[in-house]
>>> print(open('query_4.csv').read())   # CSV, C-alpha atoms and all ligand atoms
chain,number,residue,atom,x,y,z
A,9,MET,CA,-76.4,-103.5,95.5
A,10,TYR,CA,-79.1,-105.7,94.1
A,11,GLY,CA,-82.8,-106.6,94.3
A,12,ILE,CA,-84.4,-109.7,95.7
A,13,TYR,CA,-87.6,-111.0,94.0
A,14,ILE,CA,-89.6,-113.7,95.6
A,15,HIS,CA,-92.3,-115.4,93.6
A,16,ILE,CA,-95.4,-116.7,95.3
A,17,PRO,CA,-97.1,-118.9,92.7
A,18,PHE,CA,-100.5,-119.3,94.2
A,19,CYS,CA,-103.9,-118.0,93.0
A,20,SER,CA,-107.3,-119.0,94.1
A,21,SER,CA,-108.5,-118.9,90.5
A,22,PHE,CA,-107.1,-117.8,87.1
A,23,CYS,CA,-107.8,-114.5,85.3
A,24,VAL,CA,-108.6,-114.9,81.6
A,25,TYR,CA,-105.6,-113.0,80.3
A,26,CYS,CA,-103.0,-114.3,82.6
A,27,ASP,CA,-100.0,-116.5,81.7
A,28,PHE,CA,-97.8,-115.8,84.8
A,29,TYR,CA,-96.8,-119.0,86.5
A,30,SER,CA,-99.3,-119.8,89.2
A,31,VAL,CA,-101.2,-122.8,90.5
A,32,THR,CA,-104.4,-123.2,92.6
A,33,GLU,CA,-102.9,-125.7,95.0
A,34,CYS,CA,-103.0,-123.3,97.9
A,35,ASN,CA,-102.6,-126.2,100.4
A,36,LYS,CA,-99.0,-126.3,99.4
A,37,THR,CA,-98.0,-122.9,100.8
A,38,GLU,CA,-96.3,-124.3,103.9
A,39,LEU,CA,-94.2,-126.8,101.9
A,40,TYR,CA,-93.4,-123.9,99.5
A,41,ILE,CA,-92.1,-121.6,102.3
A,42,GLU,CA,-89.9,-124.5,103.5
A,43,ALA,CA,-88.5,-124.9,100.0
A,44,LEU,CA,-87.9,-121.2,99.7
A,45,GLU,CA,-85.9,-121.2,102.9
A,46,LYS,CA,-83.7,-124.0,101.4
A,47,GLU,CA,-83.2,-122.1,98.2
A,48,ILE,CA,-82.2,-119.0,100.2
A,49,GLN,CA,-79.7,-120.9,102.3
A,50,ARG,CA,-78.2,-122.3,99.1
A,51,ARG,CA,-78.1,-119.1,97.1
A,52,LYS,CA,-77.6,-116.3,99.6
A,53,TYR,CA,-74.0,-115.6,98.5
A,54,ASP,CA,-74.9,-115.6,94.7
A,55,LEU,CA,-74.7,-111.8,94.6
A,56,GLU,CA,-72.2,-109.5,96.3
A,57,GLY,CA,-73.2,-106.7,98.6
A,58,ALA,CA,-76.6,-106.1,100.3
A,59,PRO,CA,-80.1,-106.0,98.8
A,60,ARG,CA,-81.5,-102.5,98.1
A,61,THR,CA,-85.0,-103.6,97.1
A,62,ILE,CA,-87.3,-106.6,97.9
A,63,TYR,CA,-90.3,-107.4,95.8
A,64,ILE,CA,-92.7,-110.2,96.7
A,65,GLY,CA,-94.8,-110.9,93.6
A,66,GLY,CA,-96.9,-113.6,92.1
A,67,GLY,CA,-99.3,-115.2,91.7
A,68,THR,CA,-101.1,-113.7,94.7
A,69,PRO,CA,-98.8,-113.1,97.7
A,70,SER,CA,-101.7,-111.8,99.7
A,71,LEU,CA,-103.1,-115.4,99.8
A,72,LEU,CA,-100.4,-116.0,102.4
A,73,SER,CA,-101.4,-115.5,106.0
A,74,MET,CA,-99.6,-112.8,108.0
A,75,GLU,CA,-97.8,-115.6,109.9
A,76,GLN,CA,-96.5,-117.0,106.7
A,77,LEU,CA,-95.3,-113.6,105.4
A,78,GLU,CA,-93.6,-113.0,108.8
A,79,ARG,CA,-91.8,-116.3,108.4
A,80,ILE,CA,-90.5,-115.4,105.0
A,81,LYS,CA,-89.3,-112.0,106.4
A,82,SER,CA,-87.5,-113.7,109.3
A,83,ILE,CA,-85.8,-116.1,106.9
A,84,LEU,CA,-84.7,-113.1,104.8
A,85,GLU,CA,-83.4,-111.4,108.0
A,86,ARG,CA,-81.5,-114.4,109.0
A,87,HIS,CA,-79.7,-114.8,105.7
A,88,PHE,CA,-79.3,-111.2,104.3
A,89,ASP,CA,-78.2,-107.8,105.6
A,90,LEU,CA,-81.5,-105.9,105.1
A,91,THR,CA,-80.3,-102.6,106.6
A,92,GLU,CA,-79.8,-101.1,103.1
A,93,VAL,CA,-83.3,-101.9,101.8
A,94,GLU,CA,-85.0,-98.8,100.5
A,95,GLU,CA,-88.0,-100.3,98.9
A,96,PHE,CA,-89.9,-103.3,100.1
A,97,SER,CA,-92.9,-104.1,97.8
A,98,ILE,CA,-95.6,-106.7,98.0
A,99,GLU,CA,-98.3,-107.4,95.4
A,100,VAL,CA,-101.8,-107.8,96.7
A,101,ASN,CA,-105.3,-108.6,95.4
A,102,PRO,CA,-108.1,-106.3,96.6
A,103,ASP,CA,-110.3,-109.2,97.8
A,104,ASP,CA,-107.6,-110.2,100.3
A,105,ILE,CA,-107.3,-106.8,102.0
A,106,THR,CA,-109.1,-106.3,105.3
A,107,PRO,CA,-108.2,-103.6,107.8
A,108,GLU,CA,-106.3,-106.2,109.9
A,109,TYR,CA,-104.4,-107.5,106.9
A,110,ALA,CA,-103.4,-104.0,105.8
A,111,SER,CA,-102.1,-103.2,109.3
A,112,GLY,CA,-100.3,-106.5,109.3
A,113,LEU,CA,-98.5,-105.7,106.1
A,114,ARG,CA,-97.4,-102.4,107.6
A,115,ARG,CA,-96.0,-104.1,110.7
A,116,PHE,CA,-94.4,-106.8,108.5
A,117,GLY,CA,-92.2,-104.0,107.1
A,118,ALA,CA,-93.5,-103.5,103.5
A,119,ASN,CA,-93.3,-99.8,102.5
A,120,ARG,CA,-94.9,-100.2,99.1
A,121,VAL,CA,-98.0,-102.1,98.0
A,122,SER,CA,-98.9,-103.0,94.4
A,123,MET,CA,-102.5,-103.8,94.0
A,124,GLY,CA,-103.9,-105.4,90.9
A,125,VAL,CA,-107.1,-103.5,90.1
A,126,GLN,CA,-107.2,-103.7,86.3
A,127,SER,CA,-110.6,-101.9,85.9
A,128,PHE,CA,-113.2,-100.1,87.9
A,129,ASN,CA,-116.0,-101.5,85.7
A,130,ASP,CA,-117.7,-104.5,87.3
A,131,GLU,CA,-118.8,-106.0,84.0
A,132,ASN,CA,-115.2,-105.9,82.7
A,133,LEU,CA,-113.9,-107.3,86.0
A,134,ARG,CA,-116.4,-110.2,85.8
A,135,TRP,CA,-115.3,-110.9,82.2
A,136,MET,CA,-111.6,-110.9,83.3
A,137,ARG,CA,-112.6,-113.3,86.1
A,138,ARG,CA,-111.1,-111.0,88.6
A,139,ARG,CA,-112.1,-111.9,92.2
A,140,HIS,CA,-113.1,-108.4,93.2
A,141,THR,CA,-115.5,-105.6,92.4
A,142,SER,CA,-114.7,-102.0,91.8
A,143,GLU,CA,-116.1,-101.2,95.3
A,144,GLN,CA,-113.9,-103.8,96.9
A,145,ALA,CA,-110.8,-102.3,95.2
A,146,CYS,CA,-111.7,-98.8,96.5
A,147,ARG,CA,-112.3,-100.1,100.0
A,148,ALA,CA,-109.0,-102.1,100.0
A,149,TYR,CA,-107.2,-98.9,98.9
A,150,GLY,CA,-108.8,-97.1,101.9
A,151,TYR,CA,-107.7,-99.8,104.3
A,152,LEU,CA,-104.1,-99.6,103.0
A,153,ARG,CA,-104.1,-95.8,103.4
A,154,ASP,CA,-105.6,-96.1,106.9
A,155,ALA,CA,-102.8,-98.6,107.8
A,156,GLY,CA,-100.3,-95.9,106.9
A,157,PHE,CA,-99.1,-96.9,103.4
A,158,ASP,CA,-97.9,-93.8,101.5
A,159,ASN,CA,-96.6,-95.6,98.5
A,160,ILE,CA,-99.3,-97.5,96.7
A,161,SER,CA,-99.2,-98.7,93.1
A,162,MET,CA,-102.3,-99.9,91.2
A,163,ASP,CA,-102.5,-101.7,87.8
A,164,LEU,CA,-104.9,-101.1,84.9
A,165,ILE,CA,-105.4,-103.1,81.7
A,166,PHE,CA,-106.5,-101.6,78.4
A,167,GLY,CA,-107.0,-102.7,74.8
A,168,TYR,CA,-109.7,-105.3,75.2
A,169,LYS,CA,-113.5,-105.5,74.8
A,170,ALA,CA,-115.5,-107.5,77.4
A,171,SER,CA,-118.6,-107.4,75.2
A,172,PRO,CA,-119.3,-106.4,71.5
A,173,VAL,CA,-119.4,-102.7,72.1
A,174,SER,CA,-118.3,-100.0,69.6
A,175,ASP,CA,-114.8,-98.5,69.9
A,176,GLU,CA,-116.4,-95.2,71.2
A,177,GLU,CA,-118.2,-97.0,74.0
A,178,ALA,CA,-115.1,-99.1,75.0
A,179,LEU,CA,-113.0,-95.9,75.0
A,180,ASN,CA,-115.6,-94.3,77.2
A,181,ILE,CA,-115.3,-97.1,79.7
A,182,TRP,CA,-111.5,-96.8,79.6
A,183,GLU,CA,-111.6,-93.1,80.2
A,184,LYS,CA,-113.8,-93.7,83.3
A,185,ASP,CA,-111.3,-96.3,84.5
A,186,ILE,CA,-108.5,-93.7,84.3
A,187,LYS,CA,-110.6,-91.1,86.0
A,188,ALA,CA,-111.5,-93.4,88.8
A,189,MET,CA,-107.9,-94.3,89.2
A,190,THR,CA,-106.6,-90.7,89.3
A,191,ALA,CA,-109.4,-89.7,91.7
A,192,LEU,CA,-107.9,-92.2,94.2
A,193,ARG,CA,-104.4,-90.7,93.6
A,194,PRO,CA,-102.1,-93.7,94.1
A,195,GLU,CA,-98.5,-92.8,94.0
A,196,HIS,CA,-97.8,-95.2,91.1
A,197,ILE,CA,-99.8,-96.5,88.2
A,198,SER,CA,-98.9,-99.3,85.8
A,199,ALA,CA,-101.1,-99.8,82.7
A,200,TYR,CA,-100.6,-102.7,80.3
A,201,GLN,CA,-102.2,-103.5,77.0
A,202,MET,CA,-104.0,-106.9,77.1
A,203,SER,CA,-102.4,-109.4,74.8
A,204,ILE,CA,-103.4,-112.9,74.1
A,205,GLU,CA,-100.8,-115.0,75.8
A,206,PRO,CA,-100.5,-118.6,74.6
A,207,GLY,CA,-101.3,-120.3,77.9
A,208,SER,CA,-104.1,-117.9,78.9
A,209,ILE,CA,-107.8,-118.8,79.2
A,210,LEU,CA,-108.5,-116.3,76.4
A,211,ALA,CA,-106.1,-118.0,74.0
A,212,LEU,CA,-107.2,-121.5,74.9
A,213,SER,CA,-110.9,-120.6,74.4
A,214,GLY,CA,-110.1,-119.7,70.8
A,215,LYS,CA,-113.1,-117.4,70.8
A,216,TYR,CA,-111.7,-114.0,71.6
A,217,THR,CA,-110.9,-111.5,68.8
A,218,GLU,CA,-108.5,-108.8,69.7
A,219,PRO,CA,-109.7,-105.2,69.1
A,220,SER,CA,-107.9,-103.2,66.3
A,221,GLU,CA,-104.5,-101.7,66.7
A,222,GLU,CA,-106.0,-98.3,66.1
A,223,PHE,CA,-108.4,-98.7,69.0
A,224,CYS,CA,-105.5,-99.9,71.3
A,225,GLN,CA,-103.4,-96.9,70.2
A,226,ARG,CA,-106.3,-94.5,71.0
A,227,CYS,CA,-106.6,-96.1,74.5
A,228,TYR,CA,-102.8,-95.8,75.0
A,229,TYR,CA,-102.6,-92.1,74.1
A,230,THR,CA,-105.7,-91.3,76.1
A,231,LEU,CA,-103.9,-92.8,79.0
A,232,LEU,CA,-100.8,-90.7,78.5
A,233,ASP,CA,-102.9,-87.5,78.1
A,234,MET,CA,-105.1,-88.1,81.1
A,235,LEU,CA,-102.3,-89.3,83.5
A,236,GLY,CA,-100.0,-86.4,82.3
A,237,GLY,CA,-102.9,-84.0,83.0
A,238,ALA,CA,-103.3,-85.4,86.5
A,239,GLY,CA,-99.6,-84.9,87.4
A,240,TYR,CA,-98.3,-88.3,86.8
A,241,LEU,CA,-94.8,-88.6,85.2
A,242,GLN,CA,-94.3,-91.4,82.6
A,243,TYR,CA,-91.0,-93.0,83.3
A,244,GLU,CA,-91.4,-96.2,81.3
A,245,ILE,CA,-93.7,-97.3,78.5
A,246,SER,CA,-96.3,-98.7,80.9
A,247,ASN,CA,-95.4,-97.1,84.2
A,248,PHE,CA,-96.3,-93.7,85.7
A,249,SER,CA,-95.7,-92.1,89.1
A,250,LEU,CA,-96.1,-89.0,91.1
A,251,PRO,CA,-92.7,-87.3,91.4
A,252,GLY,CA,-90.2,-89.4,93.3
A,253,PHE,CA,-92.4,-92.5,93.4
A,254,HIS,CA,-91.0,-94.6,90.5
A,255,SER,CA,-90.5,-98.2,91.3
A,256,ARG,CA,-86.9,-98.7,92.4
A,257,HIS,CA,-87.1,-102.4,92.1
A,258,ASN,CA,-88.6,-102.5,88.6
A,259,SER,CA,-86.3,-99.7,87.4
A,260,SER,CA,-83.4,-102.0,88.2
A,261,TYR,CA,-84.6,-104.5,85.6
A,262,TRP,CA,-84.6,-101.9,82.9
A,263,GLU,CA,-81.2,-100.7,84.1
A,264,ARG,CA,-79.8,-104.2,84.2
A,265,ILE,CA,-78.9,-104.0,87.8
A,266,PRO,CA,-78.4,-107.6,89.3
A,267,TYR,CA,-81.3,-109.3,91.1
A,268,LEU,CA,-81.8,-112.6,92.8
A,269,GLY,CA,-85.0,-114.3,91.9
A,270,LEU,CA,-86.2,-116.9,94.4
A,271,GLY,CA,-89.1,-119.4,94.1
A,272,ALA,CA,-90.6,-121.4,91.3
A,273,ALA,CA,-90.3,-119.6,87.9
A,274,ALA,CA,-88.2,-116.8,89.3
A,275,HIS,CA,-85.5,-115.3,87.2
A,276,SER,CA,-82.1,-113.9,88.3
A,277,PHE,CA,-79.4,-111.8,86.7
A,278,ASP,CA,-75.9,-111.3,88.1
A,279,GLY,CA,-74.8,-108.6,85.5
A,280,LEU,CA,-73.6,-111.3,83.1
A,281,VAL,CA,-75.5,-114.5,83.5
A,282,ARG,CA,-79.3,-114.9,83.4
A,283,SER,CA,-80.7,-117.9,85.3
A,284,TRP,CA,-84.2,-119.1,86.1
A,285,ASN,CA,-86.0,-121.7,88.2
A,286,PRO,CA,-88.4,-124.0,86.3
A,287,SER,CA,-92.1,-123.2,86.3
A,288,ASP,CA,-92.9,-126.3,88.3
A,289,LEU,CA,-94.1,-126.1,91.9
A,290,LYS,CA,-93.9,-129.9,92.6
A,291,GLY,CA,-90.3,-130.1,91.2
A,292,TYR,CA,-89.3,-127.0,93.1
A,293,ILE,CA,-90.4,-128.5,96.4
A,294,ALA,CA,-89.1,-132.0,95.7
A,295,ASN,CA,-85.6,-130.6,94.6
A,296,ALA,CA,-85.4,-128.4,97.7
A,297,GLU,CA,-86.3,-131.4,99.9
A,298,ALA,CA,-83.5,-133.4,98.2
A,299,GLY,CA,-81.1,-130.5,98.9
A,300,TRP,CA,-80.5,-129.2,95.5
A,301,GLY,CA,-82.1,-126.9,92.9
A,302,GLU,CA,-82.7,-127.1,89.2
A,303,GLU,CA,-81.7,-123.9,87.6
A,304,TYR,CA,-81.3,-123.0,83.9
A,305,MET,CA,-78.9,-120.3,82.8
A,306,GLU,CA,-77.6,-118.5,79.8
A,307,ILE,CA,-74.6,-116.3,79.3
A,308,LEU,CA,-75.4,-113.5,76.9
A,309,SER,CA,-73.0,-112.9,74.0
A,310,PRO,CA,-71.9,-109.3,73.5
A,311,ASP,CA,-74.5,-109.0,70.7
A,312,GLU,CA,-77.2,-110.4,72.9
A,313,ALA,CA,-76.2,-108.1,75.8
A,314,LEU,CA,-76.4,-105.1,73.5
A,315,GLU,CA,-79.8,-106.1,72.2
A,316,GLU,CA,-81.0,-106.5,75.8
A,317,LYS,CA,-79.5,-103.2,76.8
A,318,VAL,CA,-81.3,-101.4,74.0
A,319,MET,CA,-84.6,-103.2,74.4
A,320,LEU,CA,-84.7,-102.5,78.1
A,321,GLY,CA,-83.2,-99.1,78.0
A,322,LEU,CA,-85.6,-97.7,75.4
A,323,ARG,CA,-88.5,-98.7,77.5
A,324,LYS,CA,-87.5,-95.9,79.9
A,325,ARG,CA,-88.5,-92.4,78.8
A,326,VAL,CA,-85.1,-91.1,79.6
A,327,GLY,CA,-83.7,-93.6,77.1
A,328,VAL,CA,-80.2,-95.2,77.1
A,329,SER,CA,-76.6,-94.1,76.6
A,330,LEU,CA,-74.4,-96.3,74.4
A,331,SER,CA,-70.6,-97.0,74.6
A,332,GLU,CA,-68.5,-95.9,71.6
A,333,ASP,CA,-68.5,-99.4,70.1
A,334,GLU,CA,-72.2,-100.0,70.6
A,335,TYR,CA,-72.9,-96.6,69.1
A,336,ARG,CA,-70.8,-97.2,66.0
A,337,ARG,CA,-72.5,-100.5,65.5
A,338,LEU,CA,-76.0,-99.1,65.5
A,339,LEU,CA,-75.3,-95.7,63.9
A,340,PRO,CA,-76.8,-96.4,60.4
A,341,GLN,CA,-80.1,-97.5,61.9
A,342,ILE,CA,-80.0,-94.7,64.5
A,343,ASN,CA,-79.5,-92.2,61.7
A,344,ARG,CA,-82.3,-93.6,59.6
A,345,LEU,CA,-84.8,-93.8,62.5
A,346,SER,CA,-84.0,-90.4,63.8
A,347,ALA,CA,-84.3,-88.9,60.3
A,348,GLY,CA,-87.8,-90.3,60.2
A,349,GLY,CA,-88.6,-88.8,63.6
A,350,GLN,CA,-89.0,-92.3,65.2
A,351,LEU,CA,-86.0,-91.9,67.5
A,352,ILE,CA,-84.4,-89.1,69.5
A,353,HIS,CA,-80.7,-89.0,69.1
A,354,ASP,CA,-78.0,-87.0,71.0
A,355,THR,CA,-74.7,-87.5,69.2
A,356,GLU,CA,-72.6,-85.9,71.9
A,357,ARG,CA,-73.8,-88.2,74.7
A,358,ARG,CA,-74.3,-91.2,72.3
A,359,HIS,CA,-77.8,-91.3,73.8
A,360,ILE,CA,-81.1,-92.6,72.2
A,361,ALA,CA,-84.7,-92.3,73.4
A,362,LEU,CA,-88.1,-92.9,72.0
A,363,PRO,CA,-90.3,-89.8,71.3
A,364,ARG,CA,-93.9,-89.9,72.6
A,365,GLU,CA,-95.2,-90.8,69.1
A,366,SER,CA,-93.1,-93.9,69.0
A,367,LEU,CA,-94.0,-95.3,72.3
A,368,PHE,CA,-97.0,-97.4,71.1
A,369,ILE,CA,-95.0,-99.0,68.4
A,370,SER,CA,-91.8,-99.3,70.4
A,371,ASP,CA,-91.4,-103.0,69.7
A,372,SER,CA,-91.2,-102.6,66.0
A,373,ILE,CA,-88.9,-99.6,66.3
A,374,ILE,CA,-86.5,-101.5,68.6
A,375,ALA,CA,-86.6,-104.5,66.3
A,376,ASP,CA,-85.8,-102.1,63.4
A,377,LEU,CA,-82.9,-100.6,65.3
A,378,LEU,CA,-81.4,-104.0,66.1
A,379,MET,CA,-81.8,-105.4,62.6
A,401,LIG,S1,-103.5,-112.0,87.0
A,401,LIG,FE1,-102.6,-112.3,89.0
A,401,LIG,S2,-104.3,-113.0,90.2
A,401,LIG,FE2,-104.9,-113.3,88.1
A,401,LIG,S3,-104.3,-115.4,87.7
A,401,LIG,FE3,-102.6,-114.1,87.1
A,401,LIG,S4,-101.3,-114.1,88.8
A,401,LIG,FE4,-103.3,-114.8,89.5
>>> encode(input="query_4.csv", output="structure tokens")
Amino acid sequence: MYGIYIHIPFCSSFCVYCDFYSVTECNKTELYIEALEKEIQRRKYDLEGAPRTIYIGGGTPSLLSMEQLERIKSILERHFDLTEVEEFSIEVNPDDITPEYASGLRRFGANRVSMGVQSFNDENLRWMRRRHTSEQACRAYGYLRDAGFDNISMDLIFGYKASPVSDEEALNIWEKDIKAMTALRPEHISAYQMSIEPGSILALSGKYTEPSEEFCQRCYYTLLDMLGGAGYLQYEISNFSLPGFHSRHNSSYWERIPYLGLGAAAHSFDGLVRSWNPSDLKGYIANAEAGWGEEYMEILSPDEALEEKVMLGLRKRVGVSLSEDEYRRLLPQINRLSAGGQLIHDTERRHIALPRESLFISDSIIADLLM
């Protein structure tokens, strides 16, 4: 069993915080789908078994027409056995969702939609250069519900200030964002802290100053309190769901289950080897036309594999179990961190997990553990 990820690297404009690989050359979508088909033909036997999840992400997959999405689906059907697929997700932007498009997505076969909302405050949305308003996001959500989607995920971003307001005012706006989100009651919520990524507009502008760690921490624990109070279960540092609605596809990344990443900039993992396509649309299309693909790969050493297992496993609230060898190797650090209350430790099961208080500083605790 494995997951399929398809990257659609097109956006009609760039959001200020984004460093995902995307381009605005939307006139190349047809050539891109042809190149995707060639990559699928070439790599369809890379992983054994049948796919259990499909995730079409981006970029902005909802920039594709329904005809183009249908074409991608029929290519997948021709080359893979899709009878075992439990979860079929597609990312959308609110400004692309009309009643017709929402119904089309349902007919297309997606059973989960992930919509990038980010905020319900129009001033914040303008500052982020999102292409939608709060009202549009709510309307799009309604269209998706009307079309029959009963598994909708929405994203929020916290830990930024769109204008020079006080911490209290910014926190107030953040609480309103969370309330607006829980009032809609999507089955799944992802919430990420904004960070200044090197290639983003924010970083390139050189003018933005990040808010204090203390403010970001208050935002994070406000999120945990409010979502917990509204019945959402936190199953990963940044992900929450109503019972039973965790993302199967994304969970497989944290559990190191193999996945096949297709398209420019997509990453794959076969259980041992990680590989990725270059972030280069023109190169991706040209190589496909020439009948080959340019992939990079690395085989993780046992130490690197352990690091990755711990880093990904501790993102999950349930934590991660270690083998005897792994446990013995990390035991001095495990003992030190658990004595300080920064790690939960079950000796019998050789299991470690982060307590709630450590979640916001998980990166430094994981680094400490792997020292
Ligand atoms: S955040 Fe999403 S919509 Fe915005 S530029 Fe990045 S990929 Fe495109």
>>> closest_atom_pairs(input="query_4.csv", of="chain A", to="ligand LIG 401 (chain A)", cutoff="12 Å", atoms="only C-alpha atoms and all ligand atoms", output="Markdown table")
| residue | atom | partner | partner_atom | distance |
| --- | --- | --- | --- | --- |
| A:His15 | CA | A:LIG401 | S4 | 10.3 |
| A:Ile16 | CA | A:LIG401 | S4 | 9.2 |
| A:Pro17 | CA | A:LIG401 | S4 | 7.5 |
| A:Phe18 | CA | A:LIG401 | FE4 | 7.1 |
| A:Cys19 | CA | A:LIG401 | FE4 | 4.8 |
| A:Ser20 | CA | A:LIG401 | FE4 | 7.4 |
| A:Ser21 | CA | A:LIG401 | S3 | 6.1 |
| A:Phe22 | CA | A:LIG401 | S3 | 3.7 |
| A:Cys23 | CA | A:LIG401 | FE2 | 4.2 |
| A:Val24 | CA | A:LIG401 | S3 | 7.5 |
| A:Tyr25 | CA | A:LIG401 | S1 | 7.1 |
| A:Cys26 | CA | A:LIG401 | FE3 | 4.5 |
| A:Asp27 | CA | A:LIG401 | FE3 | 6.5 |
| A:Phe28 | CA | A:LIG401 | S4 | 5.6 |
| A:Tyr29 | CA | A:LIG401 | S4 | 7.0 |
| A:Ser30 | CA | A:LIG401 | S4 | 6.1 |
| A:Val31 | CA | A:LIG401 | FE4 | 8.3 |
| A:Thr32 | CA | A:LIG401 | FE4 | 9.0 |
| A:Cys34 | CA | A:LIG401 | FE4 | 12.0 |
| A:Gly65 | CA | A:LIG401 | S4 | 8.7 |
| A:Gly66 | CA | A:LIG401 | S4 | 5.5 |
| A:Gly67 | CA | A:LIG401 | S4 | 3.7 |
| A:Thr68 | CA | A:LIG401 | S2 | 5.6 |
| A:Pro69 | CA | A:LIG401 | S4 | 9.3 |
| A:Ser70 | CA | A:LIG401 | S2 | 9.9 |
| A:Leu71 | CA | A:LIG401 | S2 | 10.0 |
| A:Glu99 | CA | A:LIG401 | FE1 | 9.1 |
| A:Val100 | CA | A:LIG401 | S2 | 8.7 |
| A:Asn101 | CA | A:LIG401 | S2 | 6.9 |
| A:Pro102 | CA | A:LIG401 | S2 | 10.0 |
| A:Asp103 | CA | A:LIG401 | S2 | 10.4 |
| A:Asp104 | CA | A:LIG401 | S2 | 11.0 |
| A:Ser122 | CA | A:LIG401 | FE1 | 11.4 |
| A:Met123 | CA | A:LIG401 | FE1 | 9.9 |
| A:Gly124 | CA | A:LIG401 | FE1 | 7.3 |
| A:Val125 | CA | A:LIG401 | S1 | 9.7 |
| A:Gln126 | CA | A:LIG401 | S1 | 9.1 |
| A:Leu133 | CA | A:LIG401 | FE2 | 11.0 |
| A:Met136 | CA | A:LIG401 | FE2 | 8.6 |
| A:Arg137 | CA | A:LIG401 | FE2 | 8.0 |
| A:Arg138 | CA | A:LIG401 | FE2 | 6.6 |
| A:Arg139 | CA | A:LIG401 | S2 | 8.1 |
| A:His140 | CA | A:LIG401 | S2 | 10.4 |
| A:Asp163 | CA | A:LIG401 | S1 | 10.4 |
| A:Leu164 | CA | A:LIG401 | S1 | 11.2 |
| A:Ile165 | CA | A:LIG401 | S1 | 10.5 |
| A:Tyr200 | CA | A:LIG401 | S1 | 11.8 |
| A:Met202 | CA | A:LIG401 | S1 | 11.1 |
| A:Glu205 | CA | A:LIG401 | FE3 | 11.5 |
| A:Gly207 | CA | A:LIG401 | FE3 | 11.2 |
| A:Ser208 | CA | A:LIG401 | S3 | 9.2 |
| A:Ile209 | CA | A:LIG401 | S3 | 9.8 |
>>> closest_residue(input="query_4.csv", among="A:Ile186, A:Leu367, A:Ala170, A:Ala361", to="A:Thr217", atoms="all atoms listed in the file")
A:Ala170
>>> residues_around(input="query_4.csv", residues="A:Leu235", least_positions_apart="3", cutoff="9 Å", atoms="all atoms listed in the file", output="list in words")
Ile186, Lys187, Thr190, Ile197, Thr230, Leu231, Leu232, Ala238, Gly239, Tyr240, Leu241, Gln242 and Phe248 of chain A
>>> closest_residue(input="query_4.csv", among="A:Arg60, A:Lys36, A:Lys46, A:Gln341", to="A:Arg256", atoms="only C-alpha atoms")
A:Arg60
>>> closest_residue(input="query_4.csv", among="A:Gln201, A:Pro266, A:Glu222, A:Gln144", to="A:Glu176", atoms="only C-alpha atoms")
A:Glu222
>>> atom_distance(input="query_4.csv", atom1="atom CA of A:Ser203", atom2="atom CA of A:Ile352")
27.6 Å
>>> atom_distance(input="query_4.csv", atom1="atom CA of A:Leu179", atom2="atom CA of A:Asn247")
19.9 Å
>>> atom_distance(input="query_4.csv", atom1="atom CA of A:Phe157", atom2="atom CA of A:Asp89")
23.7 Å
>>> closest_residue(input="query_4.csv", among="A:Asp233, A:Ala272, A:Ala188, A:Ile307", to="A:Asn295", atoms="all atoms listed in the file")
A:Ala272
>>> closest_residue(input="query_4.csv", among="A:Asp154, A:Glu218, A:Glu42, A:Glu33", to="A:Pro107", atoms="all atoms listed in the file")
A:Asp154
>>> closest_residue(input="query_4.csv", among="A:Arg193, A:Arg323, A:His87, A:Lys290", to="A:Tyr40", atoms="only C-alpha atoms")
A:Lys290
